[in-house]
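Everything below belongs to coords-v1.cif, which stores mmCIF, C-alpha atoms and all ligand atoms.
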data_model
#
loop_
_atom_site.label_atom_id
_atom_site.label_comp_id
_atom_site.auth_asym_id
_atom_site.auth_seq_id
_atom_site.Cartn_x
_atom_site.Cartn_y
_atom_site.Cartn_z
CA MET V 1 -1.25 7.99 37.77
CA ALA V 2 -2.35 5.97 34.74
CA ASN V 3 0.15 5.28 31.99
CA PRO V 4 -0.16 7.70 29.06
CA ILE V 5 -1.42 6.61 25.64
CA GLY V 6 0.22 8.01 22.52
CA ARG V 7 0.26 7.70 18.74
CA VAL V 8 3.31 6.21 17.05
CA LEU V 9 4.98 8.65 14.65
CA ARG V 10 8.03 6.65 13.67
CA VAL V 11 9.53 3.22 14.36
CA ASP V 12 13.30 2.74 14.43
CA ALA V 13 15.21 -0.47 15.06
CA LYS V 14 15.20 -0.02 18.85
CA VAL V 15 13.25 3.13 19.51
CA VAL V 16 9.67 4.18 18.83
CA HIS V 17 8.77 7.88 18.52
CA VAL V 18 5.43 8.51 20.19
CA ASP V 19 3.25 11.60 20.18
CA ILE V 20 1.72 12.17 23.61
CA ASP V 21 -0.52 15.24 23.75
CA GLY V 22 1.57 17.04 21.12
CA GLU V 23 4.92 16.16 22.65
CA THR V 24 7.24 13.62 21.00
CA VAL V 25 8.86 11.11 23.32
CA GLN V 26 11.11 8.16 22.52
CA ALA V 27 10.31 4.79 24.02
CA THR V 28 11.68 1.24 23.81
CA PRO V 29 9.34 -1.71 23.19
CA ARG V 30 9.23 -4.26 26.00
CA GLY V 31 10.59 -7.67 24.98
CA THR V 32 7.23 -9.21 25.85
CA LEU V 33 5.66 -7.38 22.87
CA PHE V 34 7.56 -9.74 20.56
CA GLU V 35 6.40 -12.91 22.29
CA GLY V 36 3.98 -15.20 20.47
CA LYS V 37 4.21 -13.05 17.35
CA SER V 38 6.66 -15.11 15.33
CA GLU V 39 4.51 -14.68 12.21
CA GLN V 40 4.89 -10.91 12.32
CA LYS V 41 8.08 -9.02 11.72
CA ASN V 42 7.15 -5.96 13.75
CA PRO V 43 4.83 -5.69 16.74
CA ILE V 44 4.54 -1.90 16.45
CA ALA V 45 3.82 0.16 13.34
CA VAL V 46 3.43 3.84 12.53
CA GLY V 47 -0.12 4.88 13.40
CA ASP V 48 -0.43 2.47 16.32
CA PHE V 49 -1.71 3.67 19.67
CA VAL V 50 0.55 2.52 22.48
CA GLU V 51 0.64 2.68 26.23
CA VAL V 52 4.00 3.86 27.57
CA GLY V 53 5.40 3.45 31.07
CA LEU V 54 6.35 6.45 33.20
CA ASP V 55 9.65 5.15 34.52
CA GLY V 56 12.90 4.37 32.73
CA ASP V 57 15.36 5.98 30.40
CA PRO V 58 14.23 5.44 27.76
CA ILE V 59 10.69 4.79 28.93
CA PRO V 60 9.13 1.48 27.82
CA VAL V 61 6.27 0.79 25.42
CA GLU V 62 4.07 -1.45 27.56
CA ARG V 63 1.30 -2.35 25.18
CA VAL V 64 -0.06 -1.86 21.67
CA LEU V 65 -3.77 -1.01 21.66
CA GLY V 66 -6.15 -2.89 19.36
CA ARG V 67 -5.99 -1.82 15.72
CA ARG V 68 -8.94 -0.58 13.68
CA ASN V 69 -7.13 -1.78 10.57
CA TYR V 70 -3.62 -2.06 9.20
CA LEU V 71 -1.77 -2.51 5.93
CA GLY V 72 0.47 -5.55 5.75
CA ARG V 73 2.53 -7.46 3.23
CA VAL V 74 5.18 -10.18 3.04
CA ALA V 75 8.27 -8.59 4.62
CA SER V 76 10.67 -9.38 1.78
CA ALA V 77 11.81 -12.06 -0.64
CA HIS V 78 14.05 -13.39 2.15
CA ASP V 79 11.64 -12.98 5.04
CA PRO V 80 8.23 -14.70 4.77
CA ARG V 81 6.78 -13.05 7.89
CA GLU V 82 4.10 -10.38 7.72
CA GLN V 83 5.30 -6.80 7.91
CA VAL V 84 2.79 -4.32 9.24
CA LEU V 85 3.40 -1.11 7.30
CA VAL V 86 0.92 1.28 8.94
CA ALA V 87 -2.00 0.98 11.34
CA ASN V 88 -5.30 2.78 11.98
CA VAL V 89 -5.66 4.68 8.70
CA ASP V 90 -8.81 6.09 7.10
CA ARG V 91 -7.49 6.23 3.57
CA LEU V 92 -4.54 5.16 1.45
CA PHE V 93 -3.47 7.50 -1.32
CA LEU V 94 -1.74 5.37 -3.89
CA ILE V 95 0.64 7.80 -5.52
CA GLY V 96 1.55 6.74 -9.02
CA SER V 97 3.60 8.81 -11.38
CA LEU V 98 3.09 8.71 -15.11
CA SER V 99 6.74 9.08 -16.00
CA LYS V 100 10.04 8.90 -14.08
CA PRO V 101 9.12 6.33 -12.87
CA GLY V 102 6.48 5.13 -15.31
CA PHE V 103 3.10 3.86 -14.16
CA SER V 104 2.97 0.20 -13.12
CA SER V 105 -0.47 -1.36 -13.29
CA ASN V 106 0.84 -4.56 -11.70
CA ARG V 107 2.09 -2.79 -8.58
CA THR V 108 -0.99 -0.57 -8.45
CA ASP V 109 -3.33 -3.56 -8.63
CA ARG V 110 -1.41 -5.40 -5.91
CA ILE V 111 -1.73 -2.48 -3.52
CA LEU V 112 -5.41 -1.95 -4.35
CA ALA V 113 -6.07 -5.65 -3.68
CA ALA V 114 -4.30 -5.25 -0.34
CA CYS V 115 -6.57 -2.31 0.49
CA VAL V 116 -9.67 -4.41 -0.18
CA TRP V 117 -8.20 -7.23 1.94
CA HIS V 118 -7.36 -4.93 4.85
CA GLU V 119 -10.53 -2.82 4.48
CA ILE V 120 -8.77 0.46 3.78
CA GLU V 121 -10.36 3.02 1.46
CA ALA V 122 -8.09 3.82 -1.47
CA THR V 123 -7.69 6.75 -3.85
CA LEU V 124 -5.41 6.60 -6.85
CA VAL V 125 -3.40 9.78 -7.37
CA LEU V 126 -1.85 10.12 -10.81
CA ASN V 127 0.99 12.55 -10.19
CA LYS V 128 3.36 14.18 -12.70
CA ILE V 129 0.57 14.64 -15.20
CA ASP V 130 2.84 17.27 -16.75
CA LEU V 131 4.97 14.36 -17.99
CA ALA V 132 2.17 12.13 -19.28
CA ALA V 133 2.08 10.88 -22.82
CA GLU V 134 -0.96 11.69 -24.96
CA GLY V 135 -4.03 9.73 -23.88
CA GLU V 136 -2.23 7.94 -21.05
CA VAL V 137 -4.00 9.71 -18.18
CA GLU V 138 -7.40 9.07 -19.73
CA ALA V 139 -6.73 5.36 -20.31
CA ILE V 140 -5.46 4.71 -16.77
CA THR V 141 -8.25 6.78 -15.24
CA GLU V 142 -10.90 4.84 -17.12
CA THR V 143 -9.50 1.49 -15.99
CA TYR V 144 -9.50 2.44 -12.30
CA ARG V 145 -12.77 4.37 -12.18
CA ALA V 146 -14.40 1.18 -13.53
CA ILE V 147 -13.40 -0.77 -10.38
CA PRO V 148 -14.62 1.72 -8.96
CA ILE V 149 -11.74 3.66 -7.40
CA GLU V 150 -11.52 7.41 -7.13
CA VAL V 151 -8.76 8.79 -9.37
CA LEU V 152 -7.16 12.23 -8.90
CA HIS V 153 -4.76 14.00 -11.24
CA THR V 154 -1.97 16.09 -9.75
CA CYS V 155 1.15 17.98 -10.61
CA ALA V 156 3.20 18.82 -7.53
CA LEU V 157 5.21 21.37 -9.50
CA THR V 158 2.31 23.55 -10.73
CA GLY V 159 -0.04 22.74 -7.87
CA GLN V 160 -2.69 21.32 -10.17
CA GLY V 161 -5.14 19.05 -8.33
CA LEU V 162 -3.64 19.71 -4.90
CA ASP V 163 -6.79 21.36 -3.50
CA GLU V 164 -8.81 18.25 -4.31
CA LEU V 165 -6.19 16.01 -2.73
CA ALA V 166 -5.91 18.20 0.39
CA ALA V 167 -9.70 18.24 0.80
CA ARG V 168 -9.65 14.44 1.11
CA MET V 169 -6.81 14.51 3.63
CA LYS V 170 -8.45 17.00 5.98
CA ASP V 171 -9.39 15.53 9.37
CA GLN V 172 -8.38 12.05 8.19
CA VAL V 173 -5.50 9.74 8.97
CA SER V 174 -4.08 8.93 5.56
CA VAL V 175 -1.01 7.30 4.10
CA PHE V 176 0.91 8.14 0.92
CA TYR V 177 2.09 4.91 -0.62
CA GLY V 178 3.73 4.05 -3.93
CA PRO V 179 7.00 3.67 -5.80
CA SER V 180 10.10 5.71 -5.10
CA GLY V 181 10.24 8.94 -7.06
CA ALA V 182 6.47 9.20 -7.64
CA GLY V 183 6.38 12.46 -5.68
CA LYS V 184 4.90 11.46 -2.31
CA SER V 185 7.13 13.74 -0.25
CA THR V 186 6.90 16.59 -2.76
CA LEU V 187 3.10 16.48 -2.68
CA LEU V 188 3.04 16.41 1.11
CA ASN V 189 5.49 19.34 1.37
CA ARG V 190 3.24 21.40 -0.94
CA ILE V 191 0.07 20.56 0.99
CA GLN V 192 1.63 21.10 4.41
CA PRO V 193 4.28 23.82 4.14
CA GLY V 194 6.96 23.75 6.81
CA LEU V 195 7.45 19.98 6.95
CA ASN V 196 10.62 20.24 4.86
CA ILE V 197 10.65 16.54 4.03
CA LYS V 198 13.60 15.68 1.84
CA GLU V 199 12.66 15.37 -1.83
CA GLY V 200 14.54 13.35 -4.41
CA ARG V 201 16.49 14.79 -7.28
CA ILE V 202 15.83 13.02 -10.50
CA SER V 203 18.34 13.58 -13.22
CA LYS V 204 17.59 12.72 -16.79
CA TYR V 205 19.96 9.75 -16.44
CA TRP V 206 18.07 8.23 -13.61
CA SER V 207 14.43 7.58 -14.31
CA GLN V 208 13.75 5.31 -11.34
CA GLY V 209 13.35 6.76 -7.87
CA LYS V 210 16.28 6.91 -5.51
CA HIS V 211 14.60 5.98 -2.23
CA THR V 212 14.91 9.42 -0.76
CA THR V 213 12.51 8.84 2.15
CA SER V 214 14.04 6.11 4.31
CA TYR V 215 11.44 5.64 7.06
CA SER V 216 7.69 6.14 7.47
CA TYR V 217 6.64 9.20 9.45
CA LEU V 218 3.22 10.35 10.58
CA HIS V 219 2.93 14.11 9.99
CA ARG V 220 0.31 16.29 11.63
CA LEU V 221 -1.62 18.56 9.24
CA ASP V 222 -2.54 22.13 10.22
CA MET V 223 -5.95 21.76 8.57
CA GLY V 224 -6.64 18.74 10.80
CA GLY V 225 -5.65 15.13 10.33
CA PHE V 226 -2.44 13.22 9.81
CA THR V 227 -0.62 11.83 6.78
CA ILE V 228 2.05 9.15 6.82
CA ASP V 229 4.81 9.61 4.27
CA THR V 230 6.39 6.25 3.44
CA PRO V 231 9.56 5.11 1.66
CA GLY V 232 9.08 4.07 -1.96
CA ILE V 233 8.26 0.41 -2.50
CA ARG V 234 9.64 -2.01 -5.04
CA ALA V 235 7.71 -5.24 -4.65
CA PHE V 236 4.42 -5.85 -2.90
CA ARG V 237 3.17 -9.32 -1.99
CA LEU V 238 0.01 -9.98 -0.06
CA TYR V 239 0.49 -12.03 3.07
CA ASP V 240 -1.51 -15.23 3.58
CA VAL V 241 -4.30 -14.79 1.03
CA SER V 242 -5.72 -17.94 -0.58
CA ALA V 243 -6.58 -18.29 -4.27
CA ALA V 244 -10.31 -18.31 -3.45
CA GLU V 245 -9.94 -15.12 -1.43
CA LEU V 246 -7.88 -13.38 -4.12
CA ARG V 247 -10.82 -13.41 -6.57
CA ASP V 248 -12.82 -11.19 -4.25
CA LEU V 249 -10.05 -8.62 -4.08
CA PHE V 250 -10.80 -7.60 -7.68
CA PRO V 251 -14.28 -6.03 -7.37
CA ASP V 252 -14.43 -5.23 -11.10
CA PHE V 253 -14.46 -8.99 -11.88
CA GLU V 254 -17.62 -9.48 -9.89
CA PRO V 255 -20.27 -8.66 -12.54
CA PHE V 256 -18.66 -11.13 -14.96
CA GLN V 257 -18.09 -13.98 -12.53
CA LYS V 258 -21.70 -15.07 -12.79
CA ASN V 259 -21.02 -16.02 -16.44
CA CYS V 260 -18.34 -18.53 -15.46
CA ARG V 261 -19.35 -22.16 -16.05
CA TYR V 262 -17.93 -23.20 -12.70
CA GLN V 263 -18.98 -21.40 -9.57
CA ASN V 264 -15.50 -21.76 -8.06
CA CYS V 265 -13.79 -20.72 -11.31
CA SER V 266 -10.29 -19.34 -10.71
CA HIS V 267 -10.50 -17.48 -14.08
CA ASP V 268 -7.23 -19.12 -15.01
CA HIS V 269 -7.49 -22.35 -17.00
CA GLU V 270 -11.21 -23.20 -16.85
CA PRO V 271 -13.39 -23.27 -20.00
CA ASP V 272 -16.25 -20.77 -20.37
CA CYS V 273 -14.83 -18.23 -17.97
CA GLY V 274 -16.91 -15.04 -17.77
CA VAL V 275 -13.93 -12.97 -16.63
CA ALA V 276 -11.65 -14.12 -19.47
CA ASP V 277 -14.52 -13.50 -21.91
CA ALA V 278 -15.00 -9.97 -20.56
CA VAL V 279 -11.31 -9.24 -21.12
CA GLU V 280 -11.55 -10.58 -24.65
CA GLY V 281 -14.68 -8.51 -25.29
CA GLY V 282 -13.01 -5.33 -24.02
CA GLN V 283 -15.35 -4.89 -21.03
CA LEU V 284 -12.60 -5.54 -18.50
CA ALA V 285 -9.07 -4.10 -18.64
CA ALA V 286 -6.52 -6.70 -19.74
CA SER V 287 -3.99 -5.16 -17.34
CA ARG V 288 -6.24 -5.94 -14.37
CA TYR V 289 -6.61 -9.54 -15.46
CA ALA V 290 -2.84 -9.85 -15.98
CA SER V 291 -2.21 -8.55 -12.46
CA TYR V 292 -4.68 -11.04 -11.04
CA LEU V 293 -3.06 -13.99 -12.84
CA ASP V 294 0.37 -12.84 -11.69
CA MET V 295 -0.77 -12.80 -8.07
CA LEU V 296 -2.54 -16.13 -8.48
CA ASP V 297 0.68 -17.72 -9.74
CA GLU V 298 2.41 -16.75 -6.51
CA ILE V 299 -0.31 -18.28 -4.39
CA GLN V 300 -0.58 -21.62 -6.15
CA PRO V 301 2.69 -22.36 -7.90
CA ASP V 302 1.67 -26.03 -7.95
CA LEU V 303 -1.18 -25.25 -10.33
CA ALA V 304 0.59 -22.57 -12.32
CA TYR V 305 3.74 -24.53 -13.02
CA GLN V 306 2.86 -28.13 -13.85
CA PRO V 307 5.97 -30.33 -13.41
CA GLU V 308 7.24 -31.90 -16.60
CA GLU V 309 8.44 -35.20 -15.18
CA PRO V 310 6.07 -38.21 -15.13
CA PRO V 311 4.54 -39.33 -11.82
CA PRO V 312 6.74 -41.69 -9.76
CA GLU V 313 6.14 -45.41 -10.31
CA LEU V 314 4.32 -47.10 -7.49
N1 LIG V 401 7.65 16.84 -13.37
C1 LIG V 401 7.22 16.58 -12.14
N2 LIG V 401 8.12 16.23 -11.19
C2 LIG V 401 7.65 15.97 -9.96
C3 LIG V 401 6.28 16.06 -9.63
N3 LIG V 401 6.13 15.70 -8.33
C4 LIG V 401 7.36 15.41 -7.87
N4 LIG V 401 8.28 15.57 -8.85
C5 LIG V 401 9.74 15.34 -8.75
O1 LIG V 401 9.96 13.95 -8.58
C6 LIG V 401 11.13 13.74 -7.79
C7 LIG V 401 10.86 12.74 -6.68
O2 LIG V 401 9.95 13.28 -5.76
P1 LIG V 401 9.85 12.77 -4.25
O3 LIG V 401 8.78 13.59 -3.63
O4 LIG V 401 11.17 12.73 -3.59
O5 LIG V 401 9.35 11.27 -4.49
P2 LIG V 401 8.93 10.21 -3.38
O6 LIG V 401 7.72 9.52 -3.88
O7 LIG V 401 8.83 10.86 -2.05
O8 LIG V 401 10.17 9.19 -3.41
P3 LIG V 401 10.78 8.27 -2.22
O9 LIG V 401 10.95 9.12 -1.01
O10 LIG V 401 12.07 7.78 -2.77
O11 LIG V 401 9.78 7.16 -2.03
C8 LIG V 401 11.55 15.12 -7.27
O12 LIG V 401 12.64 15.53 -8.05
C9 LIG V 401 10.34 15.99 -7.52
O13 LIG V 401 10.66 17.32 -7.77
C10 LIG V 401 5.36 16.45 -10.66
O14 LIG V 401 4.14 16.53 -10.48
N5 LIG V 401 5.89 16.69 -11.90
MG MG V 402 9.77 10.53 -0.26
ZN ZN V 403 -13.96 -17.56 -14.48
#
In C-alpha cells, what does this structure look like?
Ligand SMILES: Nc1nc2c(ncn2[C@@H]2O[C@H](COP(=O)(O)OP(=O)(O)OP(=O)(O)O)[C@@H](O)[C@H]2O)c(=O)[nH]1
Ligand SMILES: [Mg+2]
Ligand SMILES: [Zn+2]
Amino acid sequence: MANPIGRVLRVDAKVVHVDIDGETVQATPRGTLFEGKSEQKNPIAVGDFVEVGLDGDPIPVERVLGRRNYLGRVASAHDPREQVLVANVDRLFLIGSLSKPGFSSNRTDRILAACVWHEIEATLVLNKIDLAAEGEVEAITETYRAIPIEVLHTCALTGQGLDELAARMKDQVSVFYGPSGAGKSTLLNRIQPGLNIKEGRISKYWSQGKHTTSYSYLHRLDMGGFTIDTPGIRAFRLYDVSAAELRDLFPDFEPFQKNCRYQNCSHDHEPDCGVADAVEGGQLAASRYASYLDMLDEIQPDLAYQPEEPPPEL
C-alpha cells in the first residue's frame, strides 16, 4: 500500500499534525528532512503536503512535497536563517487594526513586499473600523488601493464587512497575518462558527496585543477552503533580498522610476530621482517611501551608514 499524503495543520517542536482524508494524525519528521537545509529553520510548515509512513508510533513524516509557494522571513534578530511561515496559500489577508494596536504602515509595507517576492496575492483588511479616527480609514485605503491592493473594511464586533471577507475566503487556502490584537482570531471565529479559537482580552490599559494565538493552525471552512490563523507578529524582515530586487517589490514606484536620471537608481541618495520627486509632489505616499528606505537600510548598511573614520593609510 502506498504511503498516504496529507496536509499539515500544525507544526510543534517535535510533532506535526497532519490531515489525512479528514482525520488528524500526529507524525514525527524524519531526521533526514533537516539534512542539507542549514539555511532554513524549519523543513515543514503549516499548509505543506507531506508523505507519512504507515509504521511507527508516532508515524514518521517521510517527505515534504514540492511547494506552490510559501511565505518566509528572517527567523529572528538572533537567528539569521529563513523561517517558512506557511506554504501553498492562494491569498494572504493582512489584518491591520486601526486602534489597539494602531495601524503600522511600516509593518504593512514589509509584509506586502514579502507577498510580491513570494508571489502570494494579498488583501489588506482594516479591522476595528469602529475605533478609527476621523478620516483615517479613507487615508490608509487610498494609499493601498493606489499600489494597487484590495482593501476591505471590517468590524468583527458588529459583523460589518464580514460577508465580503468570507466571499474571498471561500474555496481558497488563505492565511490571516498581522500584529497581535488586530482581531485575526475574532474575525475567523465569526466567519466560521464553532472553531472556538481563543480571543484576546484587551483592557484599556493594554493597547498592544497580548499574543493570544501561540501557534499557526490551518482551519477547514464549512463553505469550502481553509484559513490559517497565525500568532501576531512583531518584526518582519525579508530573507535574502538584494537592494536591486527590493525596488521591484514596491509596484507603486514603477510609473515614476522612468523619471530617475539613473536607470539603476536606488531612490535613496541619487540626484533627479523620479520616486523621490513623486513623493514630494504628493503623487506617491510618503509612508510607502519611508518603508522602502527603512528596508533598504537593512540590506545595505554599508551604504546607509557611511563610517566616519578616514580610510586606513596605505
Ligand atoms: N472594537 C473592536 N474590537 C475588536 C474587533 N475585532 C477584534 N476585536 C477585539 O480585539 C481583541 C483581540 O482580538 P484577537 O482576535 O484575539 O486578535 P488576534 O489578531 O488574534 O491576536 P493574536 O492571537 O495575539 O495574534 C479582542 O478583545 C477582540 O474582541 C473589532 O472589529 N472592533
Ligand atoms: Mg489570535
Ligand atoms: Zn530613483
Inset, instruction - Please extract the residues at most 8 Å from ligand MG 402 (chain V), counting only C-alpha atoms and all ligand atoms, and provide them as a PyMOL selection string, using the chain letters and residue numbers of this document. - result: chain V and resi 180-181+183-186+197-200+211-214+229-232
Legend entry - Polymer residues at most 9 Å from Gly178 of chain V, all atoms listed in the file, same-chain spacing of 6 or more positions, as a list in words: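 Once the nearby chain positions are removed, what remains is Phe93, Leu94, Ile95, Gly96, Ser97, Arg107, Thr108, Ile111, Lys184, Thr230, Pro231, Gly232, Ile233 and Arg234 of chain V.
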Inset, instruction - Determine, counting all atoms listed in the file, which protein, DNA and RNA residues have an atom within 9 Å of an atom of Cys265 of chain V; residues of the same chain fewer than 6 positions away are not included. Present the result as a list of chain:residue names. - result: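 Once the nearby chain positions are removed, what remains is V:Ala244, V:Gln257, V:Cys273.
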Inset, instruction - Excluding Leu162 of chain V and any residue of its chain fewer than 2 positions from it, enumerate the residues within 12 Å of it, using only C-alpha atoms, and give them as a list in words. - result: Val125, Leu126, Asn127, Lys128, Leu152, His153, Thr154, Cys155, Ala156, Leu157, Thr158, Gly159, Gln160, Glu164, Leu165, Ala166, Ala167, Arg168, Met169, Thr186, Leu187, Leu188, Asn189, Arg190, Ile191 and Gln192 of chain V
Export C-alpha atoms of the chosen residues as a PDB file, in the frame of the given file?
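Generated file (part_16.pdb):
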ATOM      1  CA  VAL V 125      -3.400   9.780  -7.370  1.00  0.00           C
ATOM      2  CA  LEU V 126      -1.850  10.120 -10.810  1.00  0.00           C
ATOM      3  CA  ASN V 127       0.990  12.550 -10.190  1.00  0.00           C
ATOM      4  CA  LYS V 128       3.360  14.180 -12.700  1.00  0.00           C
ATOM      5  CA  LEU V 152      -7.160  12.230  -8.900  1.00  0.00           C
ATOM      6  CA  HIS V 153      -4.760  14.000 -11.240  1.00  0.00           C
ATOM      7  CA  THR V 154      -1.970  16.090  -9.750  1.00  0.00           C
ATOM      8  CA  CYS V 155       1.150  17.980 -10.610  1.00  0.00           C
ATOM      9  CA  ALA V 156       3.200  18.820  -7.530  1.00  0.00           C
ATOM     10  CA  LEU V 157       5.210  21.370  -9.500  1.00  0.00           C
ATOM     11  CA  THR V 158       2.310  23.550 -10.730  1.00  0.00           C
ATOM     12  CA  GLY V 159      -0.040  22.740  -7.870  1.00  0.00           C
ATOM     13  CA  GLN V 160      -2.690  21.320 -10.170  1.00  0.00           C
ATOM     14  CA  GLU V 164      -8.810  18.250  -4.310  1.00  0.00           C
ATOM     15  CA  LEU V 165      -6.190  16.010  -2.730  1.00  0.00           C
ATOM     16  CA  ALA V 166      -5.910  18.200   0.390  1.00  0.00           C
ATOM     17  CA  ALA V 167      -9.700  18.240   0.800  1.00  0.00           C
ATOM     18  CA  ARG V 168      -9.650  14.440   1.110  1.00  0.00           C
ATOM     19  CA  MET V 169      -6.810  14.510   3.630  1.00  0.00           C
ATOM     20  CA  THR V 186       6.900  16.590  -2.760  1.00  0.00           C
ATOM     21  CA  LEU V 187       3.100  16.480  -2.680  1.00  0.00           C
ATOM     22  CA  LEU V 188       3.040  16.410   1.110  1.00  0.00           C
ATOM     23  CA  ASN V 189       5.490  19.340   1.370  1.00  0.00           C
ATOM     24  CA  ARG V 190       3.240  21.400  -0.940  1.00  0.00           C
ATOM     25  CA  ILE V 191       0.070  20.560   0.990  1.00  0.00           C
ATOM     26  CA  GLN V 192       1.630  21.100   4.410  1.00  0.00           C
TER      27      GLN V 192
END
Which residues of chain V come within 9 Å of ligand ZN 403 (chain V), and for each one, what is the closest pair of atoms and their distance in Å to one decimal, counting only C-alpha atoms and all ligand atoms, sorted by chain and residue number, as JSON lines?
{"residue": "V:Phe253", "atom": "CA", "partner": "V:ZN403", "partner_atom": "ZN", "distance": 9.0}
{"residue": "V:Phe256", "atom": "CA", "partner": "V:ZN403", "partner_atom": "ZN", "distance": 8.0}
{"residue": "V:Gln257", "atom": "CA", "partner": "V:ZN403", "partner_atom": "ZN", "distance": 5.8}
{"residue": "V:Lys258", "atom": "CA", "partner": "V:ZN403", "partner_atom": "ZN", "distance": 8.3}
{"residue": "V:Asn259", "atom": "CA", "partner": "V:ZN403", "partner_atom": "ZN", "distance": 7.5}
{"residue": "V:Cys260", "atom": "CA", "partner": "V:ZN403", "partner_atom": "ZN", "distance": 4.6}
{"residue": "V:Arg261", "atom": "CA", "partner": "V:ZN403", "partner_atom": "ZN", "distance": 7.3}
{"residue": "V:Tyr262", "atom": "CA", "partner": "V:ZN403", "partner_atom": "ZN", "distance": 7.1}
{"residue": "V:Gln263", "atom": "CA", "partner": "V:ZN403", "partner_atom": "ZN", "distance": 8.0}
{"residue": "V:Asn264", "atom": "CA", "partner": "V:ZN403", "partner_atom": "ZN", "distance": 7.8}
{"residue": "V:Cys265", "atom": "CA", "partner": "V:ZN403", "partner_atom": "ZN", "distance": 4.5}
{"residue": "V:Ser266", "atom": "CA", "partner": "V:ZN403", "partner_atom": "ZN", "distance": 5.6}
{"residue": "V:His267", "atom": "CA", "partner": "V:ZN403", "partner_atom": "ZN", "distance": 3.5}
{"residue": "V:Asp268", "atom": "CA", "partner": "V:ZN403", "partner_atom": "ZN", "distance": 6.9}
{"residue": "V:His269", "atom": "CA", "partner": "V:ZN403", "partner_atom": "ZN", "distance": 8.4}
{"residue": "V:Glu270", "atom": "CA", "partner": "V:ZN403", "partner_atom": "ZN", "distance": 6.7}
{"residue": "V:Pro271", "atom": "CA", "partner": "V:ZN403", "partner_atom": "ZN", "distance": 8.0}
{"residue": "V:Asp272", "atom": "CA", "partner": "V:ZN403", "partner_atom": "ZN", "distance": 7.1}
{"residue": "V:Cys273", "atom": "CA", "partner": "V:ZN403", "partner_atom": "ZN", "distance": 3.7}
{"residue": "V:Gly274", "atom": "CA", "partner": "V:ZN403", "partner_atom": "ZN", "distance": 5.1}
{"residue": "V:Val275", "atom": "CA", "partner": "V:ZN403", "partner_atom": "ZN", "distance": 5.1}
{"residue": "V:Ala276", "atom": "CA", "partner": "V:ZN403", "partner_atom": "ZN", "distance": 6.5}
{"residue": "V:Asp277", "atom": "CA", "partner": "V:ZN403", "partner_atom": "ZN", "distance": 8.5}
Inset, instruction - Could you tell me which of V:Ile5, V:Ala87, V:Val151, V:Ile129 comes closest to Glu23 of chain V if we count all atoms listed in the file? - result: V:Ile5
Can you report as JSON the centre and edge lengths in Å, to one decimal, of an axis-aligned box around the listed atoms of ligand LIG 401 (chain V) padded with 8 Å on each side?
{"center_x": 8.4, "center_y": 12.2, "center_z": -7.2, "size_x": 24.5, "size_y": 26.2, "size_z": 28.4}
Inset, instruction - Would you please work out which residue, of V:Val25, V:Ala278, V:Leu98, V:Leu296, is nearest to ligand LIG 401 (chain V) when using only C-alpha atoms and all ligand atoms? - result: V:Leu98
Inset, instruction - Quote the spacing between atom O5 of ligand LIG 401 (chain V) and atom CA of Phe236 of chain V in Å to one decimal place. - result: 17.9 Å
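Distances here use all atoms listed in the file; by that measure, the residue among V:Arg288, V:Lys170, V:Lys210, V:Arg237 closest to ligand LIG 401 (chain V) is V:Lys210.
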Inset, instruction - Using atom CA of Ile299 of chain V and atom CA of Glu82 of chain V as the two end points, give the distance in Å to one decimal. - result: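 About the pair atom CA of Ile299 of chain V and atom CA of Glu82 of chain V: they are 15.1 Å apart.
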Legend entry - Which of V:Arg201, V:Ala113, V:Leu124, V:Phe226 sits closest to Glu245 of chain V [using only C-alpha atoms]: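 Of all the options, V:Ala113 lies closest to Glu245 of chain V.
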Inset, instruction - Check the smallest atom-to-atom distance from each of V:Thr24, V:Ser242, V:Ser291, V:Ser216 to ligand LIG 401 (chain V) using only C-alpha atoms and all ligand atoms, then report the winner. - result: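 The answer is V:Ser216, which sits nearest to ligand LIG 401 (chain V).
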Legend entry - Best match for closeness to Thr32 of chain V among V:Arg110, V:Arg10, V:Arg63, V:His17, counting only C-alpha atoms: V:Arg63
Inset, instruction - Between atom CA of Leu218 of chain V and atom CA of Pro101 of chain V, measure the distance and give it in Å to one decimal. - result: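 These two atoms are separated by 24.5 Å.
If you count only C-alpha atoms and ignore residues fewer than 6 places along the chain from Leu54 of chain V, what sits within 8 Å of it is Asn3, Pro4 and Pro60 of chain V.
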Write the selection just made, keeping C-alpha atoms, as a tab-separated table (two decimals), keeping the file's coordinate frame?
chain	number	residue	atom	x	y	z
V	3	ASN	CA	0.15	5.28	31.99
V	4	PRO	CA	-0.16	7.70	29.06
V	60	PRO	CA	9.13	1.48	27.82
Excluding Glu39 of chain V and its own-chain neighbours fewer than 6 positions away, which residues fall within 12 Å of it when counting all atoms listed in the file? Please give them as a CSV table (one decimal) with C-alpha atoms, keeping the file's coordinate frame.
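Saved the output as part24.csv:
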chain,number,residue,atom,x,y,z
V,72,GLY,CA,0.5,-5.6,5.8
V,73,ARG,CA,2.5,-7.5,3.2
V,74,VAL,CA,5.2,-10.2,3.0
V,75,ALA,CA,8.3,-8.6,4.6
V,79,ASP,CA,11.6,-13.0,5.0
V,80,PRO,CA,8.2,-14.7,4.8
V,81,ARG,CA,6.8,-13.0,7.9
V,82,GLU,CA,4.1,-10.4,7.7
V,83,GLN,CA,5.3,-6.8,7.9
V,84,VAL,CA,2.8,-4.3,9.2
V,239,TYR,CA,0.5,-12.0,3.1
V,240,ASP,CA,-1.5,-15.2,3.6
Inset, instruction - Dig up all the protein and nucleic acid residues within 8 Å of (9.1, -1.6, 25.2) in the file frame, using all atoms listed in the file, and format them as a list of chain:residue names. - result: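 Those residues, ordered by chain and then number, are V:Ala27, V:Thr28, V:Pro29, V:Arg30, V:Gly31, V:Thr32, V:Leu33, V:Val52, V:Ile59, V:Pro60, V:Val61, V:Glu62, V:Arg63.
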